[in-house]
Amino acid sequence: MAELAVQLAGLELRNPFVLASGIWGESGVSLAGAWKAGAGAVVTKSIGSSPRPGYPNPTIESYDRWGMLNAMGLPNPGIEEYPKEIAAAIESGATVVGSVFGGSPEEFATLAERMAATGVAAVELNLSCPHAEGYGTEVGGTPEAVGEIVRAVCRSVRIPVIAKITPNSVDPAALAVAAERAGARAVSAINTVRGLAIDVHLRRPVLAHGLGGLSGPAIKPVGLAVVWQIAAQVSIPVIGIGGVTTAQDALEYLMAGATAVQVGTAVAFEGVSIFGRLARDLSTLLDQLRLPSVAASVGAARAGAGAPRASATGR
Amino acid sequence: MRTVVPVDETAEETPSTVTLRFRYAPEAVPGQFVMLWMPGDDELPMSLSYTEGASKGVTVKAMGDTSRKVLSLRRGALIGVRGPYGHGFDLTPRRVLVVAGGSGAAVLAPAAELASRRGSRLTVALGATTDSELLFAGRFRAMDAEVVIATDDGSAGEHGFVTAPAARLLEERPFDAVWTCGPEVMMAKVAQSARARGVPAFCSVERHMKCALGMCDACALGPYHVCLEGPVFEAERLFAETEFGRFHRDASGRRQPG
């Protein structure tokens with residue numbers, strides 16, 4: 001049986017499948033549910049300084065099994081209220097990563113500090129929401145801005161800081177490099193890819209906000225490419241995100257250089273029971289490929305233009 | 001995933017309640033809901049008040065801005081529909097007490113109709129604020145059910161909340177199930193009366209809803225999501241495992257009493 005546990009930024013994950021931010025993270029009981037279903041860790045909804053209702057509906061458009069376009073608009077109860085929710089997740093024994101979003105380095109630092117006080121194992125900085133004015137990509141779109149925010153947060157908390165990077169940039173890897181230099185212990189990539197849906201009968205965008213972010217299997221190749229580029233340029237671990245629906249998807253990310261993956265849209269396809277299935281399937285797949293552990297698969301596609309490394313052949 | 005269809009027909013059911021009928025073929029079980037989009041405005045979860053055949057319907061009460069606008073929709077107006085979602089009523093119990101408060105009758109009428117046609121014996125306790133707001137009294141009477149009316153102001157039937165005749169009926173005769181929809185405190189009370197008699201109660205629960213796909217967590221209720229495991233729940237599960245009757249979450253996810 002291949003070893004599924006991974007070490008990431010000082011955290012011990014029982015498996016590499018992490019619940020992505022924005023999914024099931026508004027209620028602490030839901031986060032606990034994802035943990036009980038087998039997730040290796042869970043990331044909260046992105047939490048801001050004050051309660052935010054998000055955009056009006058329609059906030060989502062789904063495309064069968066290949067993708068999902070959303071513009072939720074960062075709804076969240078605010079950092080004042082959220083500890084109430086997070087308590088249930090932490091009590092369940094879950095490894096919880098607290099996601100925060102701010103409009104400035106100072107706001108990020110304050111939020112991260114308050115998030116850390118709830119007992120989370122790490123904070124993830126949302127530098128990448130593609131559809132919220134004044135937040136996400138708008139504040140995390142350049143290496144300079146990412147560096148400033150990460151630096152400010154690293155000064156304010158002791159727990160590991162993870163920077164979640166946007167793919168909607170000419171050079172996402174440069175953002176990751178800036179995060180690493182500023183003290184981030186890991187980077188998550190990618191967030192959703194900016195997208196739009198039009199209804200021809202109504203002659204208007206479907207989502208109330210107009211622009212949204214595409215997730216799901218459609219963006220897996222985009223995520224893989226970004227992870228591939230980032231892993232070549234940083235030495236901190238990368239958490240791969242984008243369209244992970246099967247164990248093979250996950251292994252593709254691992255072989256591209258990710259240490260763990262996050263799962264989001266696939267939860268809509270089969271519920272949180274997907275976490276148990278992914279872990280079992282990955283174990284089987286690693287055995288079949290004679291890889292002794294998740295760790296042994298990390299970056300396996302990188303060495304010598306993809307030639308299997310000694311560790312990957314099982315010996 | 002949305003179907004854009006014209007409104008075929010509108011009907012004013014009460015001064016504050018309107019039914020919209022539209023063609024939407026996917027099969028639905030009474031108790032299930034659709035996400036109904038008014039282009040240019042919000043998209044809201046609405047339990048189907050007409051579930052059979054291709055002509056579906058929703059019955060909407062003016063509450064917020066958007067539901068008020070739904071009331072102003074005319075024949076031919078285009079709406080977006082997706083679903084149906086969630087779990088509806090189990091229609092197999094033979095002797096059913098239906099307890100409807102206000103617009104709660106919208107989801108109970110199609111369930112009662114279908115169950116009645118399949119041979120169940122229905123007793124209906126129908127409540128509203130006042131006589132003119134009684135919803136679907138005619139539909140319930142047409143299905144050969146005993147209908148007991150209660151109004152808050154006493155303008156029709158018994159004076160007071162519908163929870164009183166519901167409790168009395170539960171004491172008077174045996175039932176295999178209670179189906180209820182209405183304000184949450186009302187449902188909680190009805191469910192407690194049912195529990196006292198050992199009768200399982202099923203409640204149609206409302207929560208803020210966004211994706212309706214089990215993803216965004218807006219409709220989280222204890223360990224459940226109303227869009228997936230609901231909106232119809234057995235009351236015992238709600239009492240034992242959730243915040244039912246105590247708080248709900250607003251659009252931001254903040255807990256609000258009631």
# chains A, B, ... in the order shown; residues from 1 in each chain; ligands from 1

call {"tool": "residues_around", "arguments": {"residues": "A:Val123", "least_positions_apart": "2", "cutoff": "9 Å", "atoms": "only C-alpha atoms", "output": "JSON, numbers by chain"}}
result
{"A": [43, 96, 97, 98, 99, 100, 112, 115, 116, 120, 121, 125, 157, 159, 160, 161, 162, 163]}

call {"tool": "interface_residues", "arguments": {"of": "chain B", "to": "chain A", "cutoff": "12 Å", "atoms": "only C-alpha atoms", "output": "PyMOL selection string"}}
result
chain B and resi 1-6+35-45+66+77-83+208-225+227-229+241-243+248-256

call {"tool": "closest_residue", "arguments": {"among": "B:Gly119, B:Pro183, B:Pro110, B:Gly57", "to": "B:Phe89", "atoms": "only C-alpha atoms"}}
result
B:Pro110

call {"tool": "residues_around", "arguments": {"residues": "B:Gly104", "least_positions_apart": "6", "cutoff": "9 Å", "atoms": "only C-alpha atoms", "output": "mmCIF file with N, CA and C atoms, in the first residue's frame"}}
result
data_model
loop_
_atom_site.group_PDB
_atom_site.id
_atom_site.type_symbol
_atom_site.label_atom_id
_atom_site.label_comp_id
_atom_site.auth_asym_id
_atom_site.auth_seq_id
_atom_site.Cartn_x
_atom_site.Cartn_y
_atom_site.Cartn_z
ATOM 1 N N LEU B 135 -54.596 29.770 1.042
ATOM 2 C CA LEU B 135 -54.084 29.358 -0.271
ATOM 3 C C LEU B 135 -54.519 27.929 -0.596
ATOM 4 N N THR B 180 -45.767 19.029 6.678
ATOM 5 C CA THR B 180 -46.013 20.418 7.038
ATOM 6 C C THR B 180 -45.064 21.377 6.334
ATOM 7 N N CYS B 181 -45.593 22.539 6.020
ATOM 8 C CA CYS B 181 -44.775 23.619 5.468
ATOM 9 C C CYS B 181 -45.389 24.941 5.881
ATOM 10 N N GLY B 182 -44.523 25.842 6.294
ATOM 11 C CA GLY B 182 -44.986 27.151 6.759
ATOM 12 C C GLY B 182 -43.844 27.789 7.514
ATOM 13 N N PRO B 183 -44.131 28.805 8.321
ATOM 14 C CA PRO B 183 -43.061 29.404 9.120
ATOM 15 C C PRO B 183 -42.380 28.339 9.984
ATOM 16 N N SER B 204 -40.993 20.811 5.019
ATOM 17 C CA SER B 204 -40.319 21.394 3.862
ATOM 18 C C SER B 204 -39.623 22.665 4.341
#

call {"tool": "select_by_dssp", "arguments": {"residues": "stretch 56-209 of chain B", "states": "strand (DSSP E)", "output": "PyMOL selection string"}}
result
chain B and resi 56-61+78-85+95-101+121-128+146-151+158-159+177-181+201-204

call {"tool": "write_last_selection", "arguments": {"atoms": "N, CA and C atoms", "output": "tab-separated table (two decimals), in the first residue's frame"}}
result
chain	number	residue	atom	x	y	z
B	56	LYS	N	-45.46	22.96	-15.57
B	56	LYS	CA	-45.13	23.08	-14.15
B	56	LYS	C	-45.61	24.45	-13.64
B	57	GLY	N	-45.56	24.60	-12.34
B	57	GLY	CA	-45.97	25.88	-11.79
B	57	GLY	C	-45.31	26.15	-10.44
B	58	VAL	N	-45.16	27.43	-10.15
B	58	VAL	CA	-44.73	27.84	-8.81
B	58	VAL	C	-45.74	28.86	-8.29
B	59	THR	N	-45.89	28.89	-7.00
B	59	THR	CA	-46.81	29.84	-6.39
B	59	THR	C	-46.02	30.68	-5.41
B	60	VAL	N	-46.00	31.96	-5.66
B	60	VAL	CA	-45.05	32.85	-5.01
B	60	VAL	C	-45.77	33.87	-4.15
B	61	LYS	N	-45.25	34.07	-2.96
B	61	LYS	CA	-45.79	35.10	-2.08
B	61	LYS	C	-44.85	36.30	-2.10
B	78	LEU	N	-40.19	36.11	-20.21
B	78	LEU	CA	-39.23	35.01	-20.21
B	78	LEU	C	-38.63	34.83	-18.81
B	79	ILE	N	-38.59	33.58	-18.39
B	79	ILE	CA	-37.95	33.25	-17.12
B	79	ILE	C	-36.96	32.11	-17.35
B	80	GLY	N	-35.97	32.01	-16.47
B	80	GLY	CA	-35.02	30.90	-16.53
B	80	GLY	C	-35.39	29.88	-15.46
B	81	VAL	N	-35.33	28.60	-15.83
B	81	VAL	CA	-35.68	27.55	-14.87
B	81	VAL	C	-34.57	26.51	-14.88
B	82	ARG	N	-34.13	26.07	-13.72
B	82	ARG	CA	-33.25	24.90	-13.63
B	82	ARG	C	-33.70	24.03	-12.45
B	83	GLY	N	-33.40	22.75	-12.57
B	83	GLY	CA	-33.86	21.79	-11.58
B	83	GLY	C	-34.71	20.74	-12.27
B	84	PRO	N	-35.60	20.05	-11.58
B	84	PRO	CA	-35.86	20.19	-10.16
B	84	PRO	C	-34.73	19.62	-9.31
B	85	TYR	N	-34.62	20.15	-8.12
B	85	TYR	CA	-33.57	19.77	-7.19
B	85	TYR	C	-34.15	19.21	-5.91
B	95	ARG	N	-52.48	7.36	5.88
B	95	ARG	CA	-53.28	8.38	6.55
B	95	ARG	C	-52.37	9.56	6.87
B	96	VAL	N	-52.60	10.66	6.17
B	96	VAL	CA	-51.68	11.78	6.27
B	96	VAL	C	-52.39	13.03	6.78
B	97	LEU	N	-51.77	13.67	7.75
B	97	LEU	CA	-52.23	14.99	8.18
B	97	LEU	C	-51.34	16.04	7.51
B	98	VAL	N	-51.97	16.92	6.74
B	98	VAL	CA	-51.25	17.98	6.04
B	98	VAL	C	-51.46	19.27	6.82
B	99	VAL	N	-50.38	19.91	7.24
B	99	VAL	CA	-50.52	21.16	7.99
B	99	VAL	C	-49.82	22.28	7.23
B	100	ALA	N	-50.61	23.20	6.69
B	100	ALA	CA	-50.07	24.25	5.84
B	100	ALA	C	-50.26	25.60	6.49
B	101	GLY	N	-49.19	26.39	6.53
B	101	GLY	CA	-49.29	27.75	7.02
B	101	GLY	C	-48.97	28.72	5.90
B	121	ARG	N	-55.49	8.72	2.57
B	121	ARG	CA	-56.57	9.53	3.14
B	121	ARG	C	-55.95	10.78	3.74
B	122	LEU	N	-56.38	11.94	3.23
B	122	LEU	CA	-55.78	13.20	3.65
B	122	LEU	C	-56.69	13.97	4.59
B	123	THR	N	-56.08	14.52	5.64
B	123	THR	CA	-56.76	15.51	6.46
B	123	THR	C	-55.91	16.76	6.41
B	124	VAL	N	-56.53	17.89	6.12
B	124	VAL	CA	-55.75	19.10	5.89
B	124	VAL	C	-56.09	20.15	6.93
B	125	ALA	N	-55.06	20.66	7.60
B	125	ALA	CA	-55.24	21.83	8.46
B	125	ALA	C	-54.58	22.99	7.74
B	126	LEU	N	-55.40	23.94	7.31
B	126	LEU	CA	-54.92	25.03	6.47
B	126	LEU	C	-55.04	26.35	7.21
B	127	GLY	N	-53.91	27.04	7.37
B	127	GLY	CA	-53.93	28.29	8.11
B	127	GLY	C	-53.41	29.46	7.30
B	128	ALA	N	-53.87	30.65	7.66
B	128	ALA	CA	-53.38	31.88	7.03
B	128	ALA	C	-53.66	33.04	7.98
B	146	GLU	N	-60.63	16.03	4.19
B	146	GLU	CA	-61.27	16.85	5.22
B	146	GLU	C	-60.38	18.07	5.42
B	147	VAL	N	-60.97	19.27	5.32
B	147	VAL	CA	-60.18	20.48	5.42
B	147	VAL	C	-60.62	21.29	6.63
B	148	VAL	N	-59.68	21.55	7.53
B	148	VAL	CA	-59.96	22.37	8.71
B	148	VAL	C	-59.21	23.69	8.52
B	149	ILE	N	-59.95	24.79	8.68
B	149	ILE	CA	-59.37	26.11	8.42
B	149	ILE	C	-59.09	26.83	9.74
B	150	ALA	N	-57.99	27.58	9.78
B	150	ALA	CA	-57.73	28.47	10.91
B	150	ALA	C	-57.14	29.77	10.38
B	151	THR	N	-57.60	30.88	10.91
B	151	THR	CA	-57.00	32.17	10.52
B	151	THR	C	-56.60	32.94	11.78
B	158	GLU	N	-61.36	28.46	12.44
B	158	GLU	CA	-61.02	28.70	13.84
B	158	GLU	C	-60.15	29.94	13.99
B	159	HIS	N	-60.33	30.61	15.11
B	159	HIS	CA	-59.56	31.83	15.40
B	159	HIS	C	-58.22	31.41	16.02
B	177	ALA	N	-48.42	9.75	8.97
B	177	ALA	CA	-47.41	10.79	8.72
B	177	ALA	C	-48.05	12.16	8.80
B	178	VAL	N	-47.22	13.16	9.12
B	178	VAL	CA	-47.62	14.56	9.05
B	178	VAL	C	-46.72	15.24	8.04
B	179	TRP	N	-47.32	15.98	7.13
B	179	TRP	CA	-46.53	16.79	6.20
B	179	TRP	C	-46.81	18.25	6.53
B	180	THR	N	-45.77	19.03	6.68
B	180	THR	CA	-46.01	20.42	7.04
B	180	THR	C	-45.06	21.38	6.33
B	181	CYS	N	-45.59	22.54	6.02
B	181	CYS	CA	-44.78	23.62	5.47
B	181	CYS	C	-45.39	24.94	5.88
B	201	ALA	N	-43.08	13.28	11.32
B	201	ALA	CA	-43.45	14.52	10.64
B	201	ALA	C	-42.38	14.87	9.61
B	202	PHE	N	-42.83	15.36	8.49
B	202	PHE	CA	-41.91	15.76	7.42
B	202	PHE	C	-42.12	17.24	7.12
B	203	CYS	N	-41.02	17.99	7.17
B	203	CYS	CA	-41.10	19.44	7.03
B	203	CYS	C	-40.39	19.87	5.74
B	204	SER	N	-40.99	20.81	5.02
B	204	SER	CA	-40.32	21.39	3.86
B	204	SER	C	-39.62	22.67	4.34

call {"tool": "select_by_dssp", "arguments": {"residues": "stretch 135-227 of chain B", "states": "alpha helix (DSSP H)", "output": "JSON, numbers by chain"}}
result
{"B": [137, 138, 139, 140, 141, 142, 163, 164, 165, 166, 167, 168, 169, 170, 171, 172, 184, 185, 186, 187, 188, 189, 190, 191, 192, 193, 194, 195, 196]}

call {"tool": "write_last_selection", "arguments": {"atoms": "C-alpha atoms", "output": "short mmCIF file (atom, residue, chain, number, x, y, z; two decimals), in the first residue's frame"}}
result
data_model
loop_
_atom_site.label_atom_id
_atom_site.label_comp_id
_atom_site.auth_asym_id
_atom_site.auth_seq_id
_atom_site.Cartn_x
_atom_site.Cartn_y
_atom_site.Cartn_z
CA ALA B 137 -58.42 25.73 -0.07
CA GLY B 138 -60.26 24.79 -3.27
CA ARG B 139 -57.52 22.44 -4.39
CA PHE B 140 -57.53 20.63 -1.07
CA ARG B 141 -61.35 20.35 -0.99
CA ALA B 142 -61.39 19.04 -4.57
CA THR B 163 -50.98 24.57 15.14
CA ALA B 164 -54.00 24.25 17.46
CA PRO B 165 -56.29 22.26 15.14
CA ALA B 166 -53.22 20.28 14.02
CA ALA B 167 -52.50 19.22 17.62
CA ARG B 168 -56.16 18.41 18.23
CA LEU B 169 -56.46 16.28 15.09
CA LEU B 170 -53.32 14.38 16.12
CA GLU B 171 -54.92 13.63 19.48
CA GLU B 172 -58.26 12.64 18.00
CA GLU B 184 -40.31 27.47 10.88
CA VAL B 185 -41.70 27.98 14.39
CA MET B 186 -45.03 26.65 13.17
CA MET B 187 -43.42 23.56 11.65
CA ALA B 188 -41.40 22.96 14.81
CA LYS B 189 -44.57 23.11 16.88
CA VAL B 190 -46.47 20.80 14.56
CA ALA B 191 -43.57 18.37 14.58
CA GLN B 192 -43.56 18.38 18.39
CA SER B 193 -47.26 17.55 18.48
CA ALA B 194 -46.64 14.73 16.02
CA ARG B 195 -43.73 13.40 18.04
CA ALA B 196 -45.92 13.33 21.16
#

call {"tool": "atom_distance", "arguments": {"atom1": "atom CA of A:Ile190", "atom2": "atom CA of A:Phe17"}}
result
15.0 Å

call {"tool": "residues_around", "arguments": {"residues": "A:Phe108", "least_positions_apart": "5", "cutoff": "9 Å", "atoms": "only C-alpha atoms", "output": "mmCIF file with N, CA and C atoms, in the first residue's frame"}}
result
data_model
loop_
_atom_site.group_PDB
_atom_site.id
_atom_site.type_symbol
_atom_site.label_atom_id
_atom_site.label_comp_id
_atom_site.auth_asym_id
_atom_site.auth_seq_id
_atom_site.Cartn_x
_atom_site.Cartn_y
_atom_site.Cartn_z
ATOM 1 N N GLY A 48 -13.468 37.884 4.987
ATOM 2 C CA GLY A 48 -13.051 39.275 4.931
ATOM 3 C C GLY A 48 -13.315 39.988 6.244
ATOM 4 N N VAL A 100 -8.303 33.919 3.750
ATOM 5 C CA VAL A 100 -8.714 35.307 3.977
ATOM 6 C C VAL A 100 -8.514 36.119 2.703
ATOM 7 N N PHE A 101 -9.331 37.182 2.573
ATOM 8 C CA PHE A 101 -9.129 38.118 1.463
ATOM 9 C C PHE A 101 -9.199 39.540 1.989
ATOM 10 N N GLY A 102 -8.294 40.366 1.512
ATOM 11 C CA GLY A 102 -8.288 41.763 1.930
ATOM 12 C C GLY A 102 -8.024 42.664 0.734
ATOM 13 N N GLY A 103 -8.099 43.958 0.957
ATOM 14 C CA GLY A 103 -7.876 44.904 -0.120
ATOM 15 C C GLY A 103 -6.516 45.578 -0.039
ATOM 16 N N GLU A 113 -4.063 37.432 11.184
ATOM 17 C CA GLU A 113 -3.800 37.352 12.618
ATOM 18 C C GLU A 113 -5.033 36.854 13.362
ATOM 19 N N LEU A 125 -3.937 32.846 1.502
ATOM 20 C CA LEU A 125 -4.305 34.194 1.089
ATOM 21 C C LEU A 125 -4.955 34.143 -0.278
ATOM 22 N N ILE A 149 1.940 41.863 0.182
ATOM 23 C CA ILE A 149 0.885 41.266 1.017
ATOM 24 C C ILE A 149 1.444 40.095 1.818
ATOM 25 N N VAL A 150 2.163 39.207 1.147
ATOM 26 C CA VAL A 150 2.697 38.034 1.836
ATOM 27 C C VAL A 150 3.652 38.464 2.945
ATOM 28 N N ALA A 152 3.660 41.256 4.649
ATOM 29 C CA ALA A 152 2.896 41.817 5.776
ATOM 30 C C ALA A 152 2.257 40.706 6.598
ATOM 31 N N VAL A 153 1.717 39.700 5.931
ATOM 32 C CA VAL A 153 1.057 38.608 6.657
ATOM 33 C C VAL A 153 2.084 37.795 7.432
#

call {"tool": "decode", "arguments": {"residues": "stretch 276-300 of chain A", "atoms": "N, CA and C atoms", "output": "mmCIF file, in the first residue's frame"}}
result
data_model
loop_
_atom_site.group_PDB
_atom_site.id
_atom_site.type_symbol
_atom_site.label_atom_id
_atom_site.label_comp_id
_atom_site.auth_asym_id
_atom_site.auth_seq_id
_atom_site.Cartn_x
_atom_site.Cartn_y
_atom_site.Cartn_z
ATOM 1 N N GLY A 276 -13.003 10.138 0.173
ATOM 2 C CA GLY A 276 -12.649 8.754 0.491
ATOM 3 C C GLY A 276 -12.280 7.986 -0.775
ATOM 4 N N ARG A 277 -13.056 8.207 -1.824
ATOM 5 C CA ARG A 277 -12.809 7.492 -3.067
ATOM 6 C C ARG A 277 -11.464 7.896 -3.677
ATOM 7 N N LEU A 278 -11.182 9.187 -3.689
ATOM 8 C CA LEU A 278 -9.923 9.648 -4.282
ATOM 9 C C LEU A 278 -8.725 9.039 -3.562
ATOM 10 N N ALA A 279 -8.806 8.998 -2.224
ATOM 11 C CA ALA A 279 -7.684 8.444 -1.460
ATOM 12 C C ALA A 279 -7.481 6.967 -1.788
ATOM 13 N N ARG A 280 -8.585 6.217 -1.815
ATOM 14 C CA ARG A 280 -8.482 4.780 -2.141
ATOM 15 C C ARG A 280 -7.932 4.582 -3.553
ATOM 16 N N ASP A 281 -8.489 5.344 -4.498
ATOM 17 C CA ASP A 281 -8.075 5.178 -5.895
ATOM 18 C C ASP A 281 -6.612 5.572 -6.100
ATOM 19 N N LEU A 282 -6.184 6.619 -5.399
ATOM 20 C CA LEU A 282 -4.788 7.039 -5.576
ATOM 21 C C LEU A 282 -3.849 5.973 -5.038
ATOM 22 N N SER A 283 -4.236 5.383 -3.915
ATOM 23 C CA SER A 283 -3.411 4.325 -3.336
ATOM 24 C C SER A 283 -3.261 3.174 -4.343
ATOM 25 N N THR A 284 -4.365 2.792 -4.938
ATOM 26 C CA THR A 284 -4.338 1.713 -5.946
ATOM 27 C C THR A 284 -3.488 2.116 -7.145
ATOM 28 N N LEU A 285 -3.678 3.316 -7.613
ATOM 29 C CA LEU A 285 -2.953 3.782 -8.798
ATOM 30 C C LEU A 285 -1.447 3.838 -8.543
ATOM 31 N N LEU A 286 -1.075 4.329 -7.359
ATOM 32 C CA LEU A 286 0.362 4.392 -7.036
ATOM 33 C C LEU A 286 0.957 2.988 -6.990
ATOM 34 N N ASP A 287 0.198 2.057 -6.403
ATOM 35 C CA ASP A 287 0.664 0.659 -6.357
ATOM 36 C C ASP A 287 0.867 0.117 -7.773
ATOM 37 N N GLN A 288 -0.122 0.363 -8.623
ATOM 38 C CA GLN A 288 -0.025 -0.119 -10.006
ATOM 39 C C GLN A 288 1.211 0.430 -10.706
ATOM 40 N N LEU A 289 1.502 1.679 -10.424
ATOM 41 C CA LEU A 289 2.635 2.329 -11.094
ATOM 42 C C LEU A 289 3.940 2.130 -10.323
ATOM 43 N N ARG A 290 3.842 1.312 -9.273
ATOM 44 C CA ARG A 290 5.007 1.003 -8.438
ATOM 45 C C ARG A 290 5.665 2.254 -7.860
ATOM 46 N N LEU A 291 4.807 3.144 -7.446
ATOM 47 C CA LEU A 291 5.298 4.320 -6.725
ATOM 48 C C LEU A 291 5.002 4.072 -5.246
ATOM 49 N N PRO A 292 6.000 4.124 -4.388
ATOM 50 C CA PRO A 292 5.801 3.751 -2.995
ATOM 51 C C PRO A 292 5.005 4.772 -2.184
ATOM 52 N N SER A 293 4.969 5.998 -2.673
ATOM 53 C CA SER A 293 4.312 7.037 -1.877
ATOM 54 C C SER A 293 3.937 8.216 -2.757
ATOM 55 N N VAL A 294 3.065 9.050 -2.207
ATOM 56 C CA VAL A 294 2.735 10.306 -2.887
ATOM 57 C C VAL A 294 4.016 11.113 -3.084
ATOM 58 N N ALA A 295 4.812 11.162 -2.018
ATOM 59 C CA ALA A 295 6.036 11.969 -2.080
ATOM 60 C C ALA A 295 6.929 11.529 -3.243
ATOM 61 N N ALA A 296 6.958 10.224 -3.492
ATOM 62 C CA ALA A 296 7.824 9.721 -4.566
ATOM 63 C C ALA A 296 7.317 10.126 -5.948
ATOM 64 N N SER A 297 6.034 10.479 -6.026
ATOM 65 C CA SER A 297 5.484 10.849 -7.327
ATOM 66 C C SER A 297 5.657 12.330 -7.630
ATOM 67 N N VAL A 298 5.960 13.105 -6.591
ATOM 68 C CA VAL A 298 6.025 14.558 -6.777
ATOM 69 C C VAL A 298 7.133 14.925 -7.764
ATOM 70 N N GLY A 299 6.742 15.561 -8.830
ATOM 71 C CA GLY A 299 7.719 15.985 -9.831
ATOM 72 C C GLY A 299 8.204 14.878 -10.733
ATOM 73 N N ALA A 300 7.568 13.706 -10.658
ATOM 74 C CA ALA A 300 8.047 12.547 -11.415
ATOM 75 C C ALA A 300 8.058 12.797 -12.918
#
